[in-house]
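Next comes target39.cif, a file with mmCIF, C-alpha atoms (C1' of nucleotides).
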data_work
loop_
_atom_site.label_atom_id
_atom_site.label_comp_id
_atom_site.auth_asym_id
_atom_site.auth_seq_id
_atom_site.Cartn_x
_atom_site.Cartn_y
_atom_site.Cartn_z
CA MET A 3 31.42 -7.57 4.01
CA ALA A 4 30.10 -5.25 1.37
CA ARG A 5 29.31 -2.35 3.68
CA SER A 6 28.85 -1.65 7.36
CA ALA A 7 26.01 -3.66 8.84
CA THR A 8 24.16 -0.72 10.33
CA THR A 9 24.19 1.09 6.98
CA MET A 10 22.73 -1.88 5.14
CA ARG A 11 19.86 -2.32 7.61
CA ALA A 12 19.17 1.40 7.59
CA ASP A 13 19.21 1.50 3.79
CA ILE A 14 16.72 -1.36 3.62
CA LEU A 15 14.37 0.31 6.10
CA ASP A 16 14.67 3.61 4.24
CA SER A 17 13.85 2.02 0.89
CA ALA A 18 11.00 -0.01 2.37
CA LEU A 19 9.46 3.03 4.04
CA ARG A 20 9.43 5.03 0.82
CA LEU A 21 8.19 2.16 -1.35
CA PHE A 22 5.52 0.98 1.09
CA ALA A 23 4.22 4.56 1.37
CA ALA A 24 4.23 5.02 -2.41
CA HIS A 25 2.82 1.68 -3.58
CA GLY A 26 1.42 0.04 -0.44
CA PHE A 27 2.68 -2.94 1.54
CA ARG A 28 1.09 -5.54 -0.72
CA GLY A 29 2.05 -3.52 -3.80
CA THR A 30 5.75 -3.64 -2.96
CA SER A 31 7.70 -6.86 -3.48
CA LEU A 32 10.87 -7.87 -1.69
CA GLN A 33 12.63 -7.59 -5.04
CA ASP A 34 11.48 -3.97 -5.35
CA ILE A 35 12.99 -3.14 -1.97
CA ALA A 36 16.20 -5.03 -2.73
CA THR A 37 16.68 -3.24 -6.06
CA ASP A 38 16.03 0.15 -4.47
CA ALA A 39 18.36 -0.56 -1.57
CA GLY A 40 21.03 -1.93 -3.91
CA CYS A 41 21.29 -5.47 -2.57
CA SER A 42 19.88 -8.92 -3.23
CA LYS A 43 16.49 -10.18 -2.10
CA ALA A 44 18.22 -12.83 -0.02
CA SER A 45 20.11 -10.12 1.81
CA LEU A 46 16.84 -8.58 3.00
CA LEU A 47 15.89 -11.88 4.56
CA TYR A 48 19.26 -12.11 6.23
CA HIS A 49 18.67 -8.84 8.09
CA PHE A 50 14.92 -9.39 8.65
CA THR A 51 13.14 -12.65 9.35
CA ASN A 52 10.45 -11.92 6.75
CA LYS A 53 8.55 -9.15 4.95
CA ASP A 54 6.25 -8.55 7.90
CA ALA A 55 9.21 -7.95 10.19
CA ILE A 56 10.30 -5.02 8.02
CA LEU A 57 6.83 -3.49 8.27
CA THR A 58 6.66 -4.12 12.01
CA GLU A 59 9.98 -2.38 12.58
CA LEU A 60 8.91 0.60 10.45
CA LEU A 61 5.66 0.96 12.37
CA ALA A 62 7.12 0.28 15.81
CA PRO A 63 7.63 3.94 16.83
CA VAL A 64 4.06 4.89 15.86
CA GLY A 65 2.11 2.79 18.36
CA PRO A 66 3.59 4.18 21.59
CA GLU A 67 3.20 7.76 20.37
CA PHE A 68 -0.50 7.30 19.69
CA ALA A 69 -0.92 5.42 22.96
CA GLU A 70 0.62 8.34 24.82
CA LEU A 71 -1.73 10.75 23.04
CA GLU A 72 -4.67 8.58 24.04
CA GLY A 73 -3.48 8.60 27.64
CA ARG A 74 -3.37 12.38 27.66
CA LEU A 75 -6.81 12.64 26.08
CA ALA A 76 -8.44 10.16 28.45
CA ALA A 77 -8.37 12.66 31.31
CA LEU A 78 -9.99 15.44 29.26
CA ASP A 79 -13.57 16.16 28.36
CA GLY A 80 -15.68 18.42 26.17
CA GLU A 81 -14.06 21.22 24.21
CA GLU A 82 -10.78 20.69 26.05
CA ALA A 83 -10.60 17.08 24.81
CA ALA A 84 -11.42 18.12 21.25
CA ARG A 85 -8.74 20.82 21.10
CA ALA A 86 -6.09 18.53 22.59
CA ALA A 87 -7.06 15.77 20.17
CA VAL A 88 -6.71 18.12 17.18
CA ALA A 89 -3.32 19.37 18.31
CA GLY A 90 -2.03 15.88 19.04
CA LEU A 91 -3.37 14.38 15.84
CA VAL A 92 -1.90 17.15 13.68
CA ASP A 93 1.46 16.68 15.36
CA LEU A 94 1.60 12.90 14.97
CA SER A 95 0.22 12.94 11.43
CA LEU A 96 2.95 15.31 10.33
CA ARG A 97 5.70 13.45 12.16
CA PHE A 98 4.68 10.06 10.79
CA ARG A 99 3.47 11.04 7.32
CA LEU A 100 4.83 8.01 5.52
CA GLN A 101 3.93 5.48 8.20
CA VAL A 102 0.35 6.72 8.29
CA LYS A 103 0.21 6.48 4.52
CA ILE A 104 1.22 2.82 4.72
CA LEU A 105 -1.41 2.03 7.33
CA LEU A 106 -4.15 3.68 5.29
CA GLN A 107 -3.37 1.92 2.02
CA ASP A 108 -3.91 -1.63 3.23
CA VAL A 109 -5.96 -1.07 6.38
CA ASP A 110 -8.09 -4.15 5.97
CA ALA A 111 -5.10 -6.43 5.38
CA LEU A 112 -3.10 -4.97 8.27
CA ILE A 113 -5.50 -4.40 11.16
CA CYS A 114 -5.82 -8.14 11.73
CA ARG A 115 -2.19 -8.39 12.88
CA PRO A 116 -1.95 -8.43 16.68
CA GLU A 117 1.50 -6.84 16.83
CA LEU A 118 0.30 -3.73 15.02
CA PRO A 119 -1.57 -0.88 16.70
CA ASP A 120 -5.30 -1.47 17.12
CA VAL A 121 -6.49 0.88 14.39
CA ASP A 122 -10.19 0.32 14.97
CA GLY A 123 -10.07 1.04 18.68
CA LEU A 124 -7.69 3.92 18.12
CA THR A 125 -9.92 5.69 15.62
CA GLU A 126 -12.91 5.11 17.88
CA ARG A 127 -11.25 6.69 20.90
CA LEU A 128 -9.88 9.54 18.80
CA THR A 129 -13.25 10.41 17.29
CA ASP A 130 -14.72 10.20 20.78
CA ALA A 131 -12.26 12.83 21.99
CA LEU A 132 -12.62 14.96 18.83
CA SER A 133 -16.39 15.05 19.28
CA GLY A 134 -15.92 16.28 22.84
CA ARG A 135 -17.33 12.99 24.21
CA SER A 136 -20.60 13.63 22.41
CA ALA A 137 -22.73 10.81 21.03
CA ALA A 138 -24.77 13.11 18.79
CA PRO A 139 -24.73 11.96 15.13
CA GLN A 140 -23.57 15.38 13.92
CA ALA A 141 -20.65 15.42 16.35
CA ARG A 142 -19.59 11.92 15.26
CA VAL A 143 -19.69 12.84 11.56
CA TRP A 144 -17.71 16.01 12.11
CA ALA A 145 -15.16 14.16 14.25
CA TRP A 146 -14.60 11.66 11.43
CA MET A 147 -14.31 14.47 8.87
CA ALA A 148 -11.79 16.30 11.03
CA MET A 149 -9.74 13.19 11.71
CA LEU A 150 -9.62 12.00 8.11
CA GLY A 151 -9.02 15.54 6.87
CA ILE A 152 -6.02 15.97 9.13
CA ILE A 153 -4.47 12.57 8.56
CA LEU A 154 -4.87 12.37 4.80
CA THR A 155 -4.10 15.97 4.00
CA SER A 156 -0.84 15.72 5.92
CA ALA A 157 -0.10 12.42 4.18
CA GLY A 158 -0.65 14.13 0.83
CA GLU A 159 1.93 16.02 -1.13
CA LEU A 160 0.99 19.62 -0.55
CA ALA A 161 4.17 21.60 -1.26
CA LEU A 162 3.97 23.85 1.77
CA PRO A 163 6.32 24.66 4.66
CA GLU A 164 5.57 22.46 7.65
CA GLU A 165 4.64 25.32 9.95
CA THR A 166 1.92 26.77 7.72
CA LEU A 167 0.65 23.25 7.12
CA ARG A 168 0.44 22.60 10.87
CA ALA A 169 -1.30 25.91 11.52
CA GLU A 170 -3.88 25.54 8.75
CA LEU A 171 -4.59 21.88 9.51
CA THR A 172 -5.32 22.85 13.09
CA ARG A 173 -7.50 25.81 12.10
CA GLY A 174 -9.39 23.80 9.50
CA ALA A 175 -10.06 20.91 11.87
CA LEU A 176 -11.27 23.17 14.69
CA ARG A 177 -13.68 24.84 12.29
CA THR A 178 -14.90 21.47 11.05
CA LEU A 179 -15.75 20.62 14.64
CA GLY A 180 -17.53 23.95 15.10
CA LEU A 181 -15.01 25.33 17.56
CA PRO A 182 -13.81 28.95 17.46
CA THR A 183 -10.24 29.23 16.14
CA ASP A 184 -8.98 31.43 18.96
CA MET B 25 -27.11 -22.86 -19.28
CA ALA B 26 -26.87 -22.71 -15.51
CA ARG B 27 -28.80 -19.49 -15.04
CA SER B 28 -29.92 -16.52 -17.10
CA ALA B 29 -27.00 -14.70 -18.64
CA THR B 30 -27.93 -11.29 -17.33
CA THR B 31 -28.17 -12.65 -13.79
CA MET B 32 -24.73 -14.24 -13.95
CA ARG B 33 -23.06 -11.06 -15.19
CA ALA B 34 -24.91 -9.00 -12.60
CA ASP B 35 -23.94 -11.40 -9.82
CA ILE B 36 -20.28 -11.22 -10.82
CA LEU B 37 -20.34 -7.41 -10.88
CA ASP B 38 -22.11 -7.32 -7.53
CA SER B 39 -19.58 -9.66 -5.91
CA ALA B 40 -16.65 -7.82 -7.47
CA LEU B 41 -17.92 -4.44 -6.28
CA ARG B 42 -18.26 -5.61 -2.70
CA LEU B 43 -14.96 -7.48 -2.62
CA PHE B 44 -12.95 -4.75 -4.38
CA ALA B 45 -14.34 -2.19 -1.91
CA ALA B 46 -13.59 -4.42 1.07
CA HIS B 47 -10.12 -5.74 0.19
CA GLY B 48 -8.95 -3.57 -2.71
CA PHE B 49 -8.53 -4.41 -6.39
CA ARG B 50 -5.11 -6.00 -5.98
CA GLY B 51 -6.24 -7.69 -2.76
CA THR B 52 -9.08 -9.53 -4.49
CA SER B 53 -8.31 -12.52 -6.72
CA LEU B 54 -10.48 -13.81 -9.53
CA GLN B 55 -11.00 -16.94 -7.45
CA ASP B 56 -12.36 -14.82 -4.59
CA ILE B 57 -14.93 -13.24 -6.90
CA ALA B 58 -15.84 -16.57 -8.47
CA THR B 59 -16.39 -18.21 -5.08
CA ASP B 60 -18.49 -15.29 -3.86
CA ALA B 61 -20.55 -15.21 -7.06
CA GLY B 62 -20.98 -18.98 -7.01
CA CYS B 63 -19.31 -19.86 -10.29
CA SER B 64 -15.91 -20.92 -11.62
CA LYS B 65 -12.98 -18.63 -12.28
CA ALA B 66 -13.12 -19.56 -15.95
CA SER B 67 -16.70 -18.38 -16.06
CA LEU B 68 -15.63 -14.89 -15.02
CA LEU B 69 -13.29 -14.74 -18.00
CA TYR B 70 -16.05 -15.89 -20.28
CA HIS B 71 -18.22 -12.90 -19.35
CA PHE B 72 -15.31 -10.42 -19.05
CA THR B 73 -12.15 -10.29 -21.13
CA ASN B 74 -9.95 -9.92 -18.04
CA LYS B 75 -9.83 -8.68 -14.45
CA ASP B 76 -9.35 -5.07 -15.53
CA ALA B 77 -12.50 -5.21 -17.62
CA ILE B 78 -14.55 -5.98 -14.50
CA LEU B 79 -13.07 -2.95 -12.75
CA THR B 80 -13.57 -0.74 -15.77
CA GLU B 81 -17.24 -1.70 -16.00
CA LEU B 82 -17.76 -1.07 -12.28
CA LEU B 83 -16.16 2.35 -12.51
CA ALA B 84 -17.74 3.33 -15.82
CA PRO B 85 -20.70 5.27 -14.38
CA VAL B 86 -18.45 7.33 -12.07
CA GLY B 87 -16.41 9.22 -14.67
CA PRO B 88 -19.25 10.95 -16.53
CA GLU B 89 -20.91 12.01 -13.27
CA PHE B 90 -17.76 13.72 -12.03
CA ALA B 91 -17.16 15.21 -15.46
CA GLU B 92 -20.64 16.70 -15.38
CA LEU B 93 -19.98 18.14 -11.92
CA GLU B 94 -16.77 19.66 -13.19
CA GLY B 95 -18.64 21.20 -16.10
CA ARG B 96 -21.13 22.80 -13.76
CA LEU B 97 -18.37 24.11 -11.49
CA ALA B 98 -16.27 25.57 -14.31
CA ALA B 99 -18.74 28.42 -14.80
CA LEU B 100 -18.76 29.38 -11.12
CA ASP B 101 -16.38 31.41 -9.00
CA GLY B 102 -15.67 32.34 -5.40
CA GLU B 103 -18.09 31.27 -2.66
CA GLU B 104 -20.61 30.15 -5.25
CA ALA B 105 -18.12 27.67 -6.68
CA ALA B 106 -17.18 26.38 -3.23
CA ARG B 107 -20.80 25.79 -2.18
CA ALA B 108 -21.66 24.04 -5.44
CA ALA B 109 -18.53 21.90 -5.16
CA VAL B 110 -19.43 20.81 -1.63
CA ALA B 111 -23.00 19.93 -2.59
CA GLY B 112 -21.90 18.03 -5.70
CA LEU B 113 -19.10 16.19 -3.96
CA VAL B 114 -21.31 15.10 -1.07
CA ASP B 115 -23.90 13.85 -3.51
CA LEU B 116 -21.48 11.85 -5.66
CA SER B 117 -19.53 10.48 -2.70
CA LEU B 118 -22.70 9.09 -1.17
CA ARG B 119 -24.03 7.71 -4.44
CA PHE B 120 -20.75 5.97 -5.32
CA ARG B 121 -19.55 4.96 -1.86
CA LEU B 122 -18.12 1.61 -2.87
CA GLN B 123 -16.62 2.78 -6.16
CA VAL B 124 -14.83 5.62 -4.41
CA LYS B 125 -13.53 3.19 -1.82
CA ILE B 126 -12.02 1.08 -4.60
CA LEU B 127 -10.34 4.05 -6.22
CA LEU B 128 -8.84 5.20 -2.93
CA GLN B 129 -7.37 1.84 -1.93
CA ASP B 130 -5.07 1.41 -4.92
CA VAL B 131 -4.84 4.95 -6.22
CA ASP B 132 -1.24 4.70 -7.31
CA ALA B 133 -1.79 1.43 -9.19
CA LEU B 134 -4.96 2.64 -10.87
CA ILE B 135 -4.40 6.24 -11.91
CA CYS B 136 -1.96 5.17 -14.60
CA ARG B 137 -4.73 3.51 -16.61
CA PRO B 138 -5.91 5.75 -19.43
CA GLU B 139 -9.47 4.39 -19.51
CA LEU B 140 -10.06 5.37 -15.89
CA PRO B 141 -10.98 8.89 -14.75
CA ASP B 142 -8.02 11.26 -14.40
CA VAL B 143 -7.90 11.29 -10.59
CA ASP B 144 -5.03 13.76 -10.33
CA GLY B 145 -6.60 16.35 -12.59
CA LEU B 146 -9.99 15.76 -11.04
CA THR B 147 -8.81 16.39 -7.49
CA GLU B 148 -6.91 19.46 -8.65
CA ARG B 149 -9.96 21.01 -10.30
CA LEU B 150 -12.16 20.06 -7.34
CA THR B 151 -9.87 21.64 -4.77
CA ASP B 152 -9.65 24.68 -7.01
CA ALA B 153 -13.44 25.05 -6.89
CA LEU B 154 -13.65 24.22 -3.17
CA SER B 155 -11.11 26.92 -2.37
CA GLY B 156 -13.24 29.45 -4.29
CA ARG B 157 -10.52 29.77 -6.98
CA SER B 158 -8.05 30.99 -4.36
CA ALA B 159 -4.34 30.23 -4.55
CA ALA B 160 -3.71 31.10 -0.90
CA PRO B 161 -1.98 28.26 0.99
CA GLN B 162 -4.66 28.24 3.70
CA ALA B 163 -7.47 27.95 1.16
CA ARG B 164 -5.70 25.06 -0.56
CA VAL B 165 -5.16 23.17 2.71
CA TRP B 166 -8.78 23.66 3.76
CA ALA B 167 -10.02 22.58 0.35
CA TRP B 168 -8.04 19.34 0.62
CA MET B 169 -9.32 18.76 4.16
CA ALA B 170 -12.92 19.33 3.07
CA MET B 171 -12.60 17.10 0.02
CA LEU B 172 -10.92 14.21 1.83
CA GLY B 173 -13.26 14.59 4.79
CA ILE B 174 -16.33 14.31 2.60
CA ILE B 175 -15.11 11.47 0.42
CA LEU B 176 -13.64 9.24 3.12
CA THR B 177 -16.26 9.82 5.76
CA SER B 178 -19.00 8.88 3.32
CA ALA B 179 -16.95 5.84 2.27
CA GLY B 180 -16.67 4.81 5.93
CA GLU B 181 -19.19 2.77 7.81
CA LEU B 182 -20.97 5.32 9.94
CA ALA B 183 -24.32 3.72 10.80
CA LEU B 184 -26.45 6.76 10.10
CA PRO B 185 -29.44 7.45 7.87
CA GLU B 186 -28.35 8.86 4.53
CA GLU B 187 -30.14 12.17 4.96
CA THR B 188 -28.49 13.13 8.25
CA LEU B 189 -25.16 11.99 6.81
CA ARG B 190 -25.66 14.23 3.76
CA ALA B 191 -26.69 17.20 5.88
CA GLU B 192 -23.82 16.90 8.36
CA LEU B 193 -21.19 16.23 5.69
CA THR B 194 -22.30 19.39 3.93
CA ARG B 195 -22.33 21.46 7.13
CA GLY B 196 -18.96 20.13 8.26
CA ALA B 197 -17.31 20.79 4.90
CA LEU B 198 -18.66 24.34 4.64
CA ARG B 199 -17.31 25.09 8.10
CA THR B 200 -13.95 23.60 7.20
CA LEU B 201 -13.82 26.03 4.32
CA GLY B 202 -14.77 28.93 6.59
CA LEU B 203 -18.17 29.51 4.98
CA PRO B 204 -21.30 30.27 7.03
CA THR B 205 -23.66 27.27 7.16
CA ASP B 206 -26.75 29.24 6.17
"C1'" DG C 209 -35.17 -34.58 -34.29
"C1'" DT C 210 -31.15 -31.91 -35.61
"C1'" DC C 211 -27.65 -28.83 -34.96
"C1'" DA C 212 -25.25 -24.43 -34.26
"C1'" DA C 213 -24.33 -21.50 -30.68
"C1'" DA C 214 -24.34 -19.81 -25.82
"C1'" DG C 215 -23.06 -20.79 -21.14
"C1'" DC C 216 -19.96 -22.80 -18.35
"C1'" DT C 217 -16.07 -25.59 -16.42
"C1'" DG C 218 -11.62 -28.43 -15.14
"C1'" DG C 219 -7.17 -28.44 -16.14
"C1'" DC C 220 -3.26 -26.31 -17.50
"C1'" DC C 221 0.33 -22.48 -18.41
"C1'" DG C 222 3.97 -18.88 -17.41
"C1'" DA C 223 4.99 -15.24 -14.27
"C1'" DT C 224 5.65 -13.61 -9.81
"C1'" DC C 225 5.26 -13.88 -5.09
"C1'" DG C 226 7.60 -14.75 -0.17
"C1'" DG C 227 10.90 -17.62 1.71
"C1'" DT C 228 14.96 -21.30 2.22
"C1'" DC C 229 19.56 -22.99 1.77
"C1'" DA C 230 24.28 -24.15 0.68
"C1'" DG C 231 28.13 -21.73 -0.06
"C1'" DC C 232 31.25 -17.72 -1.13
"C1'" DT C 233 33.91 -13.60 0.68
"C1'" DA C 234 36.14 -10.79 3.80
"C1'" DA C 235 36.92 -9.07 8.49
"C1'" DG C 236 39.10 -9.65 12.86
"C1'" DG C 237 40.55 -12.10 17.06
"C1'" DT C 238 44.29 -15.32 18.33
"C1'" DA D 254 49.21 -17.69 9.26
"C1'" DC D 255 44.90 -19.63 10.76
"C1'" DC D 256 40.18 -20.01 11.53
"C1'" DT D 257 35.68 -18.54 13.21
"C1'" DT D 258 31.99 -15.86 12.02
"C1'" DA D 259 29.22 -12.02 10.08
"C1'" DG D 260 27.63 -10.36 5.70
"C1'" DC D 261 25.88 -11.48 1.53
"C1'" DT D 262 24.37 -13.99 -2.66
"C1'" DG D 263 22.54 -17.17 -6.69
"C1'" DA D 264 19.76 -20.82 -7.25
"C1'" DC D 265 15.91 -22.98 -6.09
"C1'" DC D 266 11.13 -24.16 -3.92
"C1'" DG D 267 5.97 -24.26 -3.30
"C1'" DA D 268 2.03 -21.33 -3.55
"C1'" DT D 269 -0.75 -18.24 -5.90
"C1'" DC D 270 -1.68 -15.11 -9.33
"C1'" DG D 271 -4.15 -13.81 -14.08
"C1'" DG D 272 -5.29 -15.92 -18.14
"C1'" DC D 273 -6.05 -19.66 -21.93
"C1'" DC D 274 -8.21 -23.62 -24.07
"C1'" DA D 275 -10.49 -27.96 -25.27
"C1'" DG D 276 -14.60 -29.75 -24.36
"C1'" DC D 277 -18.99 -30.57 -21.96
"C1'" DT D 278 -24.03 -29.32 -21.34
"C1'" DT D 279 -28.10 -26.84 -22.40
"C1'" DT D 280 -30.87 -23.84 -25.15
"C1'" DG D 281 -33.59 -22.39 -29.01
"C1'" DA D 282 -34.25 -21.86 -34.08
"C1'" DC D 283 -35.44 -24.75 -37.93
#

In structure tokens, what does this structure look like?
Amino acid sequence: MARSATTMRADILDSALRLFAAHGFRGTSLQDIATDAGCSKASLLYHFTNKDAILTELLAPVGPEFAELEGRLAALDGEEAARAAVAGLVDLSLRFRLQVKILLQDVDALICRPELPDVDGLTERLTDALSGRSAAPQARVWAWMAMLGIILTSAGELALPEETLRAELTRGALRTLGLPTD
Amino acid sequence: MARSATTMRADILDSALRLFAAHGFRGTSLQDIATDAGCSKASLLYHFTNKDAILTELLAPVGPEFAELEGRLAALDGEEAARAAVAGLVDLSLRFRLQVKILLQDVDALICRPELPDVDGLTERLTDALSGRSAAPQARVWAWMAMLGIILTSAGELALPEETLRAELTRGALRTLGLPTD
DNA sequence: GTCAAAGCTGGCCGATCGGTCAGCTAAGGT
DNA sequence: ACCTTAGCTGACCGATCGGCCAGCTTTGAC
């Protein structure tokens, strides 16, 4: 054995996460991952059944976290729902920067997979909460702006300490939604 | 000749624009475009030297428009710069919805091409204007949130009349930046 | 009517993709 | 010392990609 099994698997996942986030799922070949991880392409397919399995394992922790956020939001309404949605979204976007970046790059090619989180429904329920359960066109537009602003800005490469980033993302989103920033 | 030359070229560009926006540049094959346009793959490469040439022609009108916006913004400062940047960005994002969507899907694979607009420099100068020429971390975060919110929300599929979309995008972005909405 | 050129296509090419397989190496229980 | 098995690999496969080319059909100038 070349190296401990757990290390090899972890190295592959680490390389795949970085490369998928940087160049997209479709833009990263198995050979790219193998080279980066320092092993052969065949070795990848020994540890994982196929390319999709690597992606699925990388994205596995994301789904439950967003589901839990949705559960918390479901009981709330109005301004309370919007503030909770902002806080939760900022938190998850920062914790899963790279995973979110992967999802966004090939949305259309990935949302059709049943094992992956239901992105369409998720965004719909999130914008519903962010708008404070309002169906007004303005509220829907602002909810989308706030959601995309949070997710993509945190996925970007702003060179800022995490705490200031979290604080300013929250403040910016609340203002987008027209809510006073405490 | 099967049909008038100008029609064939226009049909190809129309199909390519829709397919690139829907599935990305790398996610759309020449065969896909040919099938959609109702001609053979070889016919595409008769009208265009290669796949990149189709993309370049689709994106050609975008560069000058953003360059002109930049020129207008360069002379402005502070709140004036931010307001002008919001108005200009909303306008261009709505006018070039599909083109922007293409650029965003494969940013990393496309920005390296010299003939295409300098996305990195463009976003940097735009966020500089949106922040009112401020280097404060908060202003930079909010500028990114406003920019991404405008661009991606307009690229999305909100089923709203263009005028309300324009008005609410502008209002939302100004609030994100902490500017009074008149 | 003739003919050069434009418009268009089927068939082919090399490269690269994800994935399979037989087989090599080394670890570890007995 | 022996042998099973986990870890790993080079070589290979079919599919698909972007792109090329010889040649067919139609047009329009003369």

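With atom CA of A:His49 on one side and atom CA of A:Glu67 on the other, the separation reads 25.8 Å.
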
Define the interface residues of chain C facing chain A as those within 12 Å, counting only C-alpha atoms (C1' of nucleotides), and report them as a ChimeraX atom specification. /C:224-229,232-236

Q: Using the chain letters and numbers from the file, give me the residues hit by the PyMOL selection byres ((chain D) within 12 of (chain A)), as a VMD selection string.
A: chain D and resid 258 to 264

Could you spell out the hits of the PyMOL selection byres ((chain B) within 10 of (chain A)) on the shown file, as a count of residues only? 50

Practice prompt. Rounded to one decimal place, report the atom CA of A:Thr37-atom CA of A:Pro63 distance in Å.
Written response: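 Spanning atom CA of A:Thr37 to atom CA of A:Pro63 is a straight-line distance of 25.6 Å.
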
One-decimal distance in Å that lies between atom CA of A:Phe27 and atom C1' of D:DC265
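Separation of atom C1' of D:DC265 and atom CA of A:Phe27: 25.2 Å.
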
Between B:Ser158, B:Leu127, B:Thr31, B:Ile78, which is the closest to B:Pro141 once you count only C-alpha atoms?
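Result for the nearest residue to B:Pro141: B:Leu127.
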
Task: Evaluate the PyMOL selection byres ((chain D and resi 281) around 12) and report residues as a VMD selection string - done: (chain B and resid 25) or (chain C and resid 210 to 214) or (chain D and resid 279 to 280 282 to 283)

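The smallest atom-to-atom distance between B:Gly87 and any of B:Val143, B:Leu118, B:Leu154, B:Ala58, using all atoms listed in the file, is found for B:Val143.
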
Find the spatial neighbours of B:Ala45, counting only C-alpha atoms (C1' of nucleotides), within a cut-off of 6 Å - ignore same-chain residues fewer than 6 positions away - and output them as a PDB file with C-alpha atoms, in the frame of the given file.
ATOM      1  CA  LEU B 122     -18.120   1.610  -2.870  1.00  0.00           C
ATOM      2  CA  LYS B 125     -13.530   3.190  -1.820  1.00  0.00           C
ATOM      3  CA  ILE B 126     -12.020   1.080  -4.600  1.00  0.00           C
TER       4      ILE B 126
END

- Message: Please determine, counting all atoms listed in the file, which residue among A:Thr30, A:Ile35, A:Arg11, A:Ala157 has the shortest atom-to-atom distance to A:Val102.
- Response: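 Ranked by minimum distance to A:Val102, first place goes to A:Ala157.
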
- Message: Counting all atoms listed in the file, which residues sit no farther than 7 Å from the position (15.8, 0.8, 0.0) in the file's frame? I'd like them as a ChimeraX atom specification.
- Response: /A:13-18,35-36,38-39

Write out, as a CSV table (one decimal), in the coordinates of the input, the residues just selected, with C-alpha atoms.
chain,number,residue,atom,x,y,z
A,13,ASP,CA,19.2,1.5,3.8
A,14,ILE,CA,16.7,-1.4,3.6
A,15,LEU,CA,14.4,0.3,6.1
A,16,ASP,CA,14.7,3.6,4.2
A,17,SER,CA,13.8,2.0,0.9
A,18,ALA,CA,11.0,0.0,2.4
A,35,ILE,CA,13.0,-3.1,-2.0
A,36,ALA,CA,16.2,-5.0,-2.7
A,38,ASP,CA,16.0,0.2,-4.5
A,39,ALA,CA,18.4,-0.6,-1.6
